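Each remark here refers to the structure printed beneath this line.
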Amino acid sequence: MTSGEVAKKLPKDFVWGFATASFQIEGSTNVDGRGKSIWDDFSKQPGKTMDGRDGDVATDSYRLWKEDIALLSQYGVKSYRFSLSWSRIIPLGGRNDPVNPKGIAFYSRFIDTLLENGIIPFVTLHHWDLPQALHDRYGGWLNKDEIVQDYVRYARICFEAFGDRVKYWLTVNEPWCISILGYGRGVFAPGRSSDRERSPTGDSSTEPWVVGHSVILSHAYAVRLYREEFKAAQGGQIGITLNGDWAMPYDDSPQNVEAAQHALDVAIGWFADPIYLGYYPDYMKQILGERLPGFTPEELAVVKGSSDFYGMNTYTTNLCRAGGDDEFKGFVEYTFVRPDGTQLGTQAHCSWLQDYPQGFRHSFLQSSLRCAYLNFSVTENGFAVKDEHSKPIEEALQDNDRVNYFKGITAALKAAVLEDGVDVRAYFPWSFVDNFEWADGYITRFGVTYVDYETQRRYPKESAKFLVKWFGENIEAGDTKSQQEKAPQNGPSVVLERPSIIQGVEV
Ligand code: GBH
C-alpha cells in the first residue's frame with residue numbers, strides 16, 4: 001500500500017459533518033423539565049474534573065441551537081452527529097415514567113431546522129448521560145433486567161417522535177468507556193471503582209463486565225424493536241458506535257504481535273465480536289472466566305447481527321507490548337515510543353493521543369478482517385492541540401497540529417476508500433465546537449470551532465476551514481437525492497473464521 005494522494009474523489013453520496021454530544025454542549029441542565037443525568041452531580045464533586053467545572057452551561061447550545069445550526073450550514077456540512085439527552089426526554093428515565101413534551105419539542109424543532117438547512121441528522125440515543133434516577137433506583141447499567149427495558153422504552157419514544165425524519169441512529173456511544181471509565185477506573189460518572197480513595201462503593205473486577213453486557217443487550221433489543229416496528233415504515237439504519245484505536249505491535253516478536261491482538265480483543269472485540277460475530281472473544285473469556293457474563297441463546301440471537309453498519313470512533317494508534325498489568329487493556333502495555341526511541345507522532349494535549357494517520361487507514365482493514373464488516377461510518381475522529389486552552393484566541397485559531405492531523409487523516413481516508421476498497425460511507429470529525437471534555441473539564445479542546453466561554457462566541461479555527469475546503473473538493477459532485485431517501489443497505493453477514501491480526505507493519 002502506498003499513501004500517495006489519489007486523484008479520484010470520494011463517491012457523491014459520501015456523508016460528512018461534525019459531531020457533538022448532549023451533555024458536552026447543551027448546558028441548561030435544569031430548565032424545561034429536564035431530569036438530572038449521572039454527569040450533573042458527578043462533575044460537581046471536587047476533584048472529578050480537571051478545572052473543577054461542570055456541565056451546567058457547557059457551550060450553551062440548548063439556548064444557542066439556532067446559531068449552531070447556522071454555523072453548520074455556513075460550513076456546508078452534509079450531516080450533523082449529535083446526541084439526545086435521555087433525561088430531557090424522560091426526566092426520570094424509566095419505562096413507567098412520564099415523557100417530557102418540552103424535551104421532545106426541543107429536539108423535534110432542532111431536527112426540523114437541520115433538515116430545512118439541508119443537513120442530515122445523525123442521532124446518538126445515548127452518549128453517557130444516563131438519567132440519575134435510574135442509577136439511584138436500581139444501579140443503572142449494573143441492573144441488566146431493568147436497564148434493558150428502560151432503554152428500549154426510551155428508544156421507542158425517540159423512534160416514535162423523530163423517526164419520521166431521522167434515518168441514521170446510533171444506539172450507544174463507546175460502551176468500553178461507559179464500562180471501564182465509569183465502573184472500573186471510576187474517572188467518569190458514575191465514578192464507581194474498587195479504589196476507595198476514589199469511590200466508597202464499586203468493584204472494578206466485576207462491574208465493568210456486567211455493565212458492558214447490559215449495554216450490548218440494551219443496544220440489541222432497541223435494534224430489534226426498530227427493525228420489527230419502525231424500519232419498514234421509516235426506512236432508516238441503526239447501529240452502534242465503538243471506540244477503537246489501532247493497535248500495532250511494538251515490534252515483530254510473536255509475543256508483541258499477540259499483545260496487539262489482545263489489546264484489540266478487549267478494546268473492540270468485547271463489543272464488536274458479540275454484535276458482528278455472535279460470541280465474546282476467547283481471550284476475554286480466558287482472562288475473565290466467570291466474571292464475564294454469558295448470553296442466553298435467545299439473547300445471542302438478538303445480539304448477533306444487531307448493527308446495520310460499523311460505527312467507529314478512532315483517534316490514535318498504540319504500540320503494544322506484552323506484559324502490562326492493566327486488565328482493562330488486556331494486560332498489554334501501550335506506548336507511543338518506538339523501539340528506536342522515536343515518537344510515533346505529534347503529541348496532543350491529552351496523554352492518550354498522538355497523530356498517526358496510517359493507523360486510521362489500518363483500522364478499517366483490521367475491523368474488516370475481524371468482522372467481515374462491509375460498511376463503516378467514522379462517527380468520531382479528532383485532535384486536541386497541546387496547550388490550546390492557554391493561548392490567546394487569535395493564536396488558538398491557528399491550530400496547525402490539528403490541521404496536520406486532518407491532512408493526514410483525510411489522505412488516509414481517501415486511500416482507504418479508493419485504494420484499499422473499504423466501504424466507508426460517513427466521516428464526522430470530533431468536534432464541531434470546543435466543549436465539556438468530561439473529566440478534563442474545559443481544558444482539553446477538541447473543537448474545529450473555538451468557543452470563548454466568557455461570551456459563548458464561536459470562532460472557526462484553521463482546521464474547520466481546511467476540512468470544509470477538503471470535503472468541498474474531494475467528494476464527487478451530483479448528490480441530488482438526499483441520503484434520506486436512499487434505501488438503506490444492510491450489513492454483513494459473512495462470518496470469517498477466528499481472525500488473526502494483520503501484521504502491524506507501518507504502512
Ligand atoms: C470520545 O472518546 C468521546 O466519545 C467524546 O465524548 C470525547 O469528547 C472525545 O472522545 C474526546 O476525548 O487513558 O486508558 O483512560 C474517545 C475514546 C477512549 C479516548 C478512552 C480516551 C482513554 C484511555 N477514548 N481513552 S485511558
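Identifiers in this document derive from the order of the C-alpha cells: chains are assigned A, B, ..., residues are numbered from 1 separately in each chain, and ligands are numbered from 1 in order of occurrence.
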For this session: May I ask you to write as a PyMOL selection string all residues lying at most 10 Å from ligand 1, with only C-alpha atoms and all ligand atoms counted?
Result: chain A and resi 19-24+127-128+172-178+180-181+185+187-188+241-245+267+313-316+326+328-329+334+350-353+379-384+430-431+434-440+444-447
Restricted to C-alpha atoms, what would the selected residues look like written as a PDB file, in the first residue's frame?
ATOM      1  CA  ALA A  19     -20.036  15.545  15.871  1.00  0.00           C
ATOM      2  CA  THR A  20     -21.040  16.520  19.407  1.00  0.00           C
ATOM      3  CA  ALA A  21     -22.870  15.023  22.389  1.00  0.00           C
ATOM      4  CA  SER A  22     -25.689  16.411  24.522  1.00  0.00           C
ATOM      5  CA  PHE A  23     -24.006  16.733  27.915  1.00  0.00           C
ATOM      6  CA  GLN A  24     -20.871  18.191  26.375  1.00  0.00           C
ATOM      7  CA  HIS A 127     -23.772   9.330  24.866  1.00  0.00           C
ATOM      8  CA  TRP A 128     -23.055   8.653  28.566  1.00  0.00           C
ATOM      9  CA  VAL A 172     -24.877   3.892  22.244  1.00  0.00           C
ATOM     10  CA  ASN A 173     -21.583   5.722  22.117  1.00  0.00           C
ATOM     11  CA  GLU A 174     -18.471   3.783  23.152  1.00  0.00           C
ATOM     12  CA  PRO A 175     -19.557   1.064  25.572  1.00  0.00           C
ATOM     13  CA  TRP A 176     -15.909   0.483  26.549  1.00  0.00           C
ATOM     14  CA  CYS A 177     -15.770   3.987  28.037  1.00  0.00           C
ATOM     15  CA  ILE A 178     -19.102   3.609  29.827  1.00  0.00           C
ATOM     16  CA  ILE A 180     -14.271   0.873  32.117  1.00  0.00           C
ATOM     17  CA  LEU A 181     -14.115   4.568  32.820  1.00  0.00           C
ATOM     18  CA  ARG A 185     -11.302   3.254  36.780  1.00  0.00           C
ATOM     19  CA  VAL A 187     -12.894   8.514  36.340  1.00  0.00           C
ATOM     20  CA  PHE A 188     -16.205   9.051  34.539  1.00  0.00           C
ATOM     21  CA  THR A 241     -20.523   3.119  17.715  1.00  0.00           C
ATOM     22  CA  LEU A 242     -17.399   1.665  19.308  1.00  0.00           C
ATOM     23  CA  ASN A 243     -14.186   3.354  20.302  1.00  0.00           C
ATOM     24  CA  GLY A 244     -11.267   1.606  18.751  1.00  0.00           C
ATOM     25  CA  ASP A 245      -7.795   2.849  18.206  1.00  0.00           C
ATOM     26  CA  ALA A 267     -10.838  -2.567  23.342  1.00  0.00           C
ATOM     27  CA  ASN A 313     -14.669   6.349  16.816  1.00  0.00           C
ATOM     28  CA  THR A 314     -10.955   6.298  16.224  1.00  0.00           C
ATOM     29  CA  TYR A 315      -8.331   8.776  17.286  1.00  0.00           C
ATOM     30  CA  THR A 316      -4.873   7.266  17.535  1.00  0.00           C
ATOM     31  CA  ASP A 326      -3.855  -3.447  33.287  1.00  0.00           C
ATOM     32  CA  PHE A 328      -8.743  -3.067  31.039  1.00  0.00           C
ATOM     33  CA  LYS A 329      -6.107  -3.010  28.320  1.00  0.00           C
ATOM     34  CA  TYR A 334       0.670   0.852  25.410  1.00  0.00           C
ATOM     35  CA  CYS A 350      -4.172  14.502  26.289  1.00  0.00           C
ATOM     36  CA  SER A 351      -1.659  11.809  27.065  1.00  0.00           C
ATOM     37  CA  TRP A 352      -3.534   9.090  25.177  1.00  0.00           C
ATOM     38  CA  LEU A 353      -3.428  10.769  21.794  1.00  0.00           C
ATOM     39  CA  THR A 379     -18.504   8.719  13.875  1.00  0.00           C
ATOM     40  CA  GLU A 380     -15.605  10.456  15.665  1.00  0.00           C
ATOM     41  CA  ASN A 381     -12.017  11.340  14.946  1.00  0.00           C
ATOM     42  CA  GLY A 382     -10.079  14.373  16.101  1.00  0.00           C
ATOM     43  CA  PHE A 383      -7.185  16.012  17.872  1.00  0.00           C
ATOM     44  CA  ALA A 384      -6.665  18.307  20.871  1.00  0.00           C
ATOM     45  CA  TRP A 430     -14.835  15.450  16.628  1.00  0.00           C
ATOM     46  CA  SER A 431     -15.820  18.077  17.427  1.00  0.00           C
ATOM     47  CA  ASP A 434     -14.825  23.040  21.823  1.00  0.00           C
ATOM     48  CA  ASN A 435     -16.895  21.598  24.634  1.00  0.00           C
ATOM     49  CA  PHE A 436     -17.091  19.956  28.050  1.00  0.00           C
ATOM     50  CA  GLU A 437     -14.390  17.314  27.735  1.00  0.00           C
ATOM     51  CA  TRP A 438     -15.658  15.103  30.590  1.00  0.00           C
ATOM     52  CA  ALA A 439     -13.023  14.621  33.309  1.00  0.00           C
ATOM     53  CA  ASP A 440     -10.809  17.181  31.538  1.00  0.00           C
ATOM     54  CA  THR A 444      -8.767  19.969  26.615  1.00  0.00           C
ATOM     55  CA  ARG A 445     -10.186  21.424  23.420  1.00  0.00           C
ATOM     56  CA  PHE A 446     -11.211  19.179  20.535  1.00  0.00           C
ATOM     57  CA  GLY A 447     -13.271  21.673  18.537  1.00  0.00           C
TER      58      GLY A 447
END
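Those residues in stretch 51-217 of chain A carrying a DSSP assignment of strand (DSSP E), computed from the backbone, are Ser79, Tyr80, Arg81, Phe82, Ser83, Ile120, Pro121, Phe122, Val123, Thr124, Leu125, His126, Tyr168, Trp169, Leu170, Thr171, Val172 and Asn173 of chain A.
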For this session: Could you check how far atom CA of A:Leu292 sits from atom CA of A:Phe331, in Å to one decimal?
Result: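 Taking atom CA of A:Leu292 as the start and atom CA of A:Phe331 as the end point, the length is 16.1 Å.
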Exercise. Please, which residues of stretch 324-430 of chain A, numbered as in this document, come out alpha helix (DSSP H) from DSSP, as a VMD selection string?
Worked result: chain A and resid 357 to 371 393 to 397 400 to 418
Selected residues, N, CA and C atoms, written as an mmCIF file, in the first residue's frame, please.
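Dumped to again-v3.cif:
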data_model
loop_
_atom_site.group_PDB
_atom_site.id
_atom_site.type_symbol
_atom_site.label_atom_id
_atom_site.label_comp_id
_atom_site.auth_asym_id
_atom_site.auth_seq_id
_atom_site.Cartn_x
_atom_site.Cartn_y
_atom_site.Cartn_z
ATOM 1 N N PRO A 357 -1.719 8.941 11.195
ATOM 2 C CA PRO A 357 -2.796 8.683 10.229
ATOM 3 C C PRO A 357 -2.759 7.297 9.597
ATOM 4 N N GLN A 358 -1.581 6.716 9.490
ATOM 5 C CA GLN A 358 -1.520 5.367 8.894
ATOM 6 C C GLN A 358 -2.372 4.390 9.699
ATOM 7 N N GLY A 359 -2.435 4.623 10.997
ATOM 8 C CA GLY A 359 -3.220 3.744 11.847
ATOM 9 C C GLY A 359 -4.702 3.839 11.547
ATOM 10 N N PHE A 360 -5.127 5.028 11.166
ATOM 11 C CA PHE A 360 -6.532 5.245 10.801
ATOM 12 C C PHE A 360 -6.884 4.363 9.605
ATOM 13 N N ARG A 361 -6.021 4.387 8.605
ATOM 14 C CA ARG A 361 -6.254 3.570 7.411
ATOM 15 C C ARG A 361 -6.276 2.079 7.772
ATOM 16 N N HIS A 362 -5.395 1.726 8.663
ATOM 17 C CA HIS A 362 -5.291 0.335 9.058
ATOM 18 C C HIS A 362 -6.505 -0.158 9.845
ATOM 19 N N SER A 363 -7.128 0.739 10.604
ATOM 20 C CA SER A 363 -8.265 0.331 11.440
ATOM 21 C C SER A 363 -9.367 -0.325 10.626
ATOM 22 N N PHE A 364 -9.602 0.204 9.428
ATOM 23 C CA PHE A 364 -10.675 -0.362 8.594
ATOM 24 C C PHE A 364 -10.333 -1.786 8.191
ATOM 25 N N LEU A 365 -9.062 -1.981 7.840
ATOM 26 C CA LEU A 365 -8.668 -3.319 7.390
ATOM 27 C C LEU A 365 -8.768 -4.294 8.542
ATOM 28 N N GLN A 366 -8.341 -3.817 9.707
ATOM 29 C CA GLN A 366 -8.385 -4.696 10.867
ATOM 30 C C GLN A 366 -9.829 -5.091 11.189
ATOM 31 N N SER A 367 -10.716 -4.096 11.203
ATOM 32 C CA SER A 367 -12.102 -4.412 11.547
ATOM 33 C C SER A 367 -12.753 -5.244 10.459
ATOM 34 N N SER A 368 -12.389 -4.973 9.213
ATOM 35 C CA SER A 368 -12.950 -5.765 8.117
ATOM 36 C C SER A 368 -12.536 -7.215 8.263
ATOM 37 N N LEU A 369 -11.290 -7.407 8.595
ATOM 38 C CA LEU A 369 -10.790 -8.761 8.715
ATOM 39 C C LEU A 369 -11.455 -9.463 9.893
ATOM 40 N N ARG A 370 -11.591 -8.700 10.962
ATOM 41 C CA ARG A 370 -12.149 -9.288 12.167
ATOM 42 C C ARG A 370 -13.618 -9.650 11.979
ATOM 43 N N CYS A 371 -14.380 -8.738 11.443
ATOM 44 C CA CYS A 371 -15.830 -8.914 11.426
ATOM 45 C C CYS A 371 -16.382 -9.103 10.030
ATOM 46 N N ILE A 393 -6.938 33.818 21.809
ATOM 47 C CA ILE A 393 -7.812 33.275 20.761
ATOM 48 C C ILE A 393 -7.145 33.269 19.382
ATOM 49 N N GLU A 394 -6.567 34.409 18.995
ATOM 50 C CA GLU A 394 -6.010 34.506 17.632
ATOM 51 C C GLU A 394 -4.995 33.400 17.389
ATOM 52 N N GLU A 395 -4.243 33.075 18.439
ATOM 53 C CA GLU A 395 -3.236 32.030 18.280
ATOM 54 C C GLU A 395 -3.883 30.643 18.250
ATOM 55 N N ALA A 396 -4.882 30.466 19.091
ATOM 56 C CA ALA A 396 -5.564 29.171 19.141
ATOM 57 C C ALA A 396 -6.223 28.847 17.800
ATOM 58 N N LEU A 397 -6.645 29.886 17.108
ATOM 59 C CA LEU A 397 -7.310 29.654 15.820
ATOM 60 C C LEU A 397 -6.343 29.093 14.773
ATOM 61 N N ASN A 400 -2.349 24.520 13.925
ATOM 62 C CA ASN A 400 -1.583 23.766 12.924
ATOM 63 C C ASN A 400 -1.503 22.273 13.182
ATOM 64 N N ASP A 401 -1.316 21.888 14.442
ATOM 65 C CA ASP A 401 -1.211 20.448 14.702
ATOM 66 C C ASP A 401 -2.509 19.734 14.347
ATOM 67 N N ARG A 402 -3.629 20.421 14.577
ATOM 68 C CA ARG A 402 -4.915 19.806 14.225
ATOM 69 C C ARG A 402 -5.086 19.775 12.707
ATOM 70 N N VAL A 403 -4.661 20.830 12.049
ATOM 71 C CA VAL A 403 -4.723 20.847 10.576
ATOM 72 C C VAL A 403 -3.880 19.697 10.020
ATOM 73 N N ASN A 404 -2.684 19.525 10.556
ATOM 74 C CA ASN A 404 -1.825 18.427 10.074
ATOM 75 C C ASN A 404 -2.467 17.076 10.336
ATOM 76 N N TYR A 405 -3.071 16.965 11.497
ATOM 77 C CA TYR A 405 -3.766 15.713 11.830
ATOM 78 C C TYR A 405 -4.819 15.421 10.760
ATOM 79 N N PHE A 406 -5.647 16.409 10.464
ATOM 80 C CA PHE A 406 -6.729 16.167 9.492
ATOM 81 C C PHE A 406 -6.192 16.026 8.064
ATOM 82 N N LYS A 407 -5.060 16.637 7.779
ATOM 83 C CA LYS A 407 -4.447 16.410 6.460
ATOM 84 C C LYS A 407 -4.086 14.940 6.311
ATOM 85 N N GLY A 408 -3.456 14.415 7.357
ATOM 86 C CA GLY A 408 -3.069 13.009 7.321
ATOM 87 C C GLY A 408 -4.283 12.096 7.250
ATOM 88 N N ILE A 409 -5.265 12.414 8.054
ATOM 89 C CA ILE A 409 -6.454 11.561 8.124
ATOM 90 C C ILE A 409 -7.237 11.582 6.817
ATOM 91 N N THR A 410 -7.411 12.762 6.238
ATOM 92 C CA THR A 410 -8.212 12.815 5.003
ATOM 93 C C THR A 410 -7.503 12.057 3.880
ATOM 94 N N ALA A 411 -6.170 12.158 3.829
ATOM 95 C CA ALA A 411 -5.437 11.382 2.814
ATOM 96 C C ALA A 411 -5.611 9.890 3.077
ATOM 97 N N ALA A 412 -5.562 9.507 4.359
ATOM 98 C CA ALA A 412 -5.720 8.092 4.709
ATOM 99 C C ALA A 412 -7.138 7.609 4.409
ATOM 100 N N LEU A 413 -8.103 8.485 4.637
ATOM 101 C CA LEU A 413 -9.499 8.145 4.354
ATOM 102 C C LEU A 413 -9.681 7.874 2.854
ATOM 103 N N LYS A 414 -9.124 8.760 2.078
ATOM 104 C CA LYS A 414 -9.224 8.614 0.627
ATOM 105 C C LYS A 414 -8.525 7.332 0.167
ATOM 106 N N ALA A 415 -7.358 7.076 0.733
ATOM 107 C CA ALA A 415 -6.632 5.863 0.348
ATOM 108 C C ALA A 415 -7.415 4.619 0.760
ATOM 109 N N ALA A 416 -8.037 4.674 1.941
ATOM 110 C CA ALA A 416 -8.814 3.512 2.403
ATOM 111 C C ALA A 416 -9.955 3.227 1.435
ATOM 112 N N VAL A 417 -10.640 4.292 1.023
ATOM 113 C CA VAL A 417 -11.802 4.101 0.151
ATOM 114 C C VAL A 417 -11.363 3.771 -1.278
ATOM 115 N N LEU A 418 -10.423 4.548 -1.791
ATOM 116 C CA LEU A 418 -10.130 4.435 -3.227
ATOM 117 C C LEU A 418 -9.025 3.430 -3.551
#
Exercise. So which residues touch A:His219 within 10 Å, counting only C-alpha atoms, skipping near sequence neighbours fewer than 6 positions away, as number ranges by chain?
Worked result: A: 125-126, 148, 151-152, 155, 170-172, 175, 213, 238-240, 275, 302-303, 306-307
Atoms kept (all heavy atoms) for selection, written as a short mmCIF file (atom, residue, chain, number, x, y, z; two decimals), in the first residue's frame:
data_model
loop_
_atom_site.label_atom_id
_atom_site.label_comp_id
_atom_site.auth_asym_id
_atom_site.auth_seq_id
_atom_site.Cartn_x
_atom_site.Cartn_y
_atom_site.Cartn_z
N LEU A 125 -28.54 7.95 20.44
CA LEU A 125 -29.54 7.89 21.52
C LEU A 125 -28.89 8.08 22.88
O LEU A 125 -29.49 8.67 23.78
CB LEU A 125 -30.27 6.54 21.48
CG LEU A 125 -31.26 6.34 20.34
CD1 LEU A 125 -31.68 4.88 20.27
CD2 LEU A 125 -32.49 7.22 20.56
N HIS A 126 -27.72 7.52 23.06
CA HIS A 126 -27.11 7.60 24.38
C HIS A 126 -25.60 7.83 24.32
O HIS A 126 -24.86 6.97 23.88
CB HIS A 126 -27.40 6.34 25.19
CG HIS A 126 -26.87 6.42 26.58
ND1 HIS A 126 -27.37 7.31 27.51
CD2 HIS A 126 -25.83 5.80 27.18
CE1 HIS A 126 -26.67 7.21 28.63
NE2 HIS A 126 -25.73 6.30 28.46
N VAL A 148 -32.34 -2.75 30.46
CA VAL A 148 -32.66 -3.10 29.07
C VAL A 148 -34.08 -2.64 28.75
O VAL A 148 -34.33 -2.01 27.72
CB VAL A 148 -32.48 -4.62 28.80
CG1 VAL A 148 -33.02 -4.99 27.42
CG2 VAL A 148 -31.01 -5.01 28.91
N TYR A 151 -34.18 1.26 28.66
CA TYR A 151 -33.50 1.80 27.48
C TYR A 151 -34.36 1.58 26.23
O TYR A 151 -34.49 2.47 25.38
CB TYR A 151 -32.11 1.16 27.29
CG TYR A 151 -31.43 1.66 26.05
CD1 TYR A 151 -30.74 2.87 26.04
CD2 TYR A 151 -31.52 0.95 24.85
CE1 TYR A 151 -30.16 3.36 24.89
CE2 TYR A 151 -30.95 1.43 23.69
CZ TYR A 151 -30.27 2.64 23.71
OH TYR A 151 -29.70 3.13 22.55
N VAL A 152 -34.94 0.40 26.12
CA VAL A 152 -35.74 0.09 24.93
C VAL A 152 -36.97 0.99 24.87
O VAL A 152 -37.36 1.48 23.80
CB VAL A 152 -36.11 -1.41 24.89
CG1 VAL A 152 -37.13 -1.69 23.80
CG2 VAL A 152 -34.85 -2.25 24.66
N ALA A 155 -35.79 4.29 23.68
CA ALA A 155 -35.56 4.23 22.23
C ALA A 155 -36.90 4.31 21.48
O ALA A 155 -37.03 5.02 20.48
CB ALA A 155 -34.80 2.96 21.86
N LEU A 170 -27.67 5.92 16.08
CA LEU A 170 -26.64 5.20 16.83
C LEU A 170 -27.24 4.91 18.19
O LEU A 170 -27.76 5.82 18.85
CB LEU A 170 -25.39 6.08 17.02
CG LEU A 170 -24.58 6.38 15.76
CD1 LEU A 170 -23.58 7.49 16.03
CD2 LEU A 170 -23.86 5.13 15.29
N THR A 171 -27.17 3.66 18.60
CA THR A 171 -27.79 3.32 19.88
C THR A 171 -26.99 3.89 21.05
O THR A 171 -27.53 4.59 21.90
CB THR A 171 -27.88 1.80 20.04
OG1 THR A 171 -26.58 1.25 19.77
CG2 THR A 171 -28.92 1.20 19.11
N VAL A 172 -25.70 3.54 21.09
CA VAL A 172 -24.88 3.89 22.24
C VAL A 172 -23.49 4.29 21.77
O VAL A 172 -22.94 3.69 20.85
CB VAL A 172 -24.72 2.68 23.20
CG1 VAL A 172 -23.88 3.06 24.41
CG2 VAL A 172 -26.07 2.16 23.66
N PRO A 175 -19.30 1.85 24.35
CA PRO A 175 -19.56 1.06 25.57
C PRO A 175 -18.30 0.78 26.40
O PRO A 175 -18.41 0.66 27.63
CB PRO A 175 -20.17 -0.24 25.05
CG PRO A 175 -20.08 -0.20 23.57
CD PRO A 175 -19.82 1.20 23.14
N HIS A 213 -22.08 -5.86 29.37
CA HIS A 213 -23.09 -6.83 28.96
C HIS A 213 -24.47 -6.17 28.85
O HIS A 213 -25.20 -6.37 27.87
CB HIS A 213 -23.10 -7.95 30.01
CG HIS A 213 -23.71 -9.23 29.54
ND1 HIS A 213 -23.12 -10.04 28.59
CD2 HIS A 213 -24.86 -9.85 29.89
CE1 HIS A 213 -23.88 -11.11 28.38
NE2 HIS A 213 -24.94 -11.01 29.16
N ILE A 238 -29.68 1.63 11.68
CA ILE A 238 -29.35 1.75 13.10
C ILE A 238 -28.13 0.89 13.42
O ILE A 238 -27.99 -0.22 12.94
CB ILE A 238 -30.57 1.37 13.97
CG1 ILE A 238 -30.29 1.64 15.45
CG2 ILE A 238 -31.03 -0.07 13.73
CD1 ILE A 238 -31.54 1.68 16.32
N GLY A 239 -27.24 1.46 14.22
CA GLY A 239 -26.04 0.72 14.59
C GLY A 239 -25.47 1.25 15.88
O GLY A 239 -26.02 2.16 16.50
N ILE A 240 -24.36 0.66 16.26
CA ILE A 240 -23.70 1.09 17.50
C ILE A 240 -22.38 1.76 17.12
O ILE A 240 -21.88 1.56 16.02
CB ILE A 240 -23.46 -0.13 18.42
CG1 ILE A 240 -23.06 0.32 19.84
CG2 ILE A 240 -22.43 -1.09 17.83
CD1 ILE A 240 -23.16 -0.80 20.88
N ILE A 275 -21.58 -8.58 18.68
CA ILE A 275 -22.54 -7.90 17.82
C ILE A 275 -22.40 -8.32 16.35
O ILE A 275 -23.38 -8.52 15.66
CB ILE A 275 -22.40 -6.36 18.00
CG1 ILE A 275 -22.93 -5.98 19.40
CG2 ILE A 275 -23.13 -5.60 16.90
CD1 ILE A 275 -22.67 -4.56 19.82
N VAL A 302 -30.54 -12.21 19.42
CA VAL A 302 -30.89 -10.80 19.24
C VAL A 302 -29.62 -9.96 19.05
O VAL A 302 -29.59 -9.00 18.28
CB VAL A 302 -31.71 -10.29 20.46
CG1 VAL A 302 -32.03 -8.81 20.32
CG2 VAL A 302 -32.98 -11.10 20.62
N VAL A 303 -28.56 -10.36 19.72
CA VAL A 303 -27.32 -9.59 19.68
C VAL A 303 -26.60 -9.75 18.35
O VAL A 303 -26.15 -8.76 17.74
CB VAL A 303 -26.38 -10.02 20.84
CG1 VAL A 303 -24.98 -9.45 20.66
CG2 VAL A 303 -26.98 -9.60 22.19
N SER A 306 -26.76 -7.30 15.11
CA SER A 306 -27.62 -6.19 15.52
C SER A 306 -27.09 -4.81 15.17
O SER A 306 -27.38 -3.84 15.85
CB SER A 306 -27.88 -6.28 17.03
OG SER A 306 -26.65 -6.17 17.74
N SER A 307 -26.29 -4.70 14.12
CA SER A 307 -25.86 -3.36 13.74
C SER A 307 -25.82 -3.29 12.22
O SER A 307 -25.21 -4.13 11.57
CB SER A 307 -24.47 -3.07 14.34
OG SER A 307 -24.20 -1.70 14.34
#
Seminar exercise, completed: Between atom CA of A:Ala233 and atom CA of A:Ala105 lies a distance of 22.0 Å
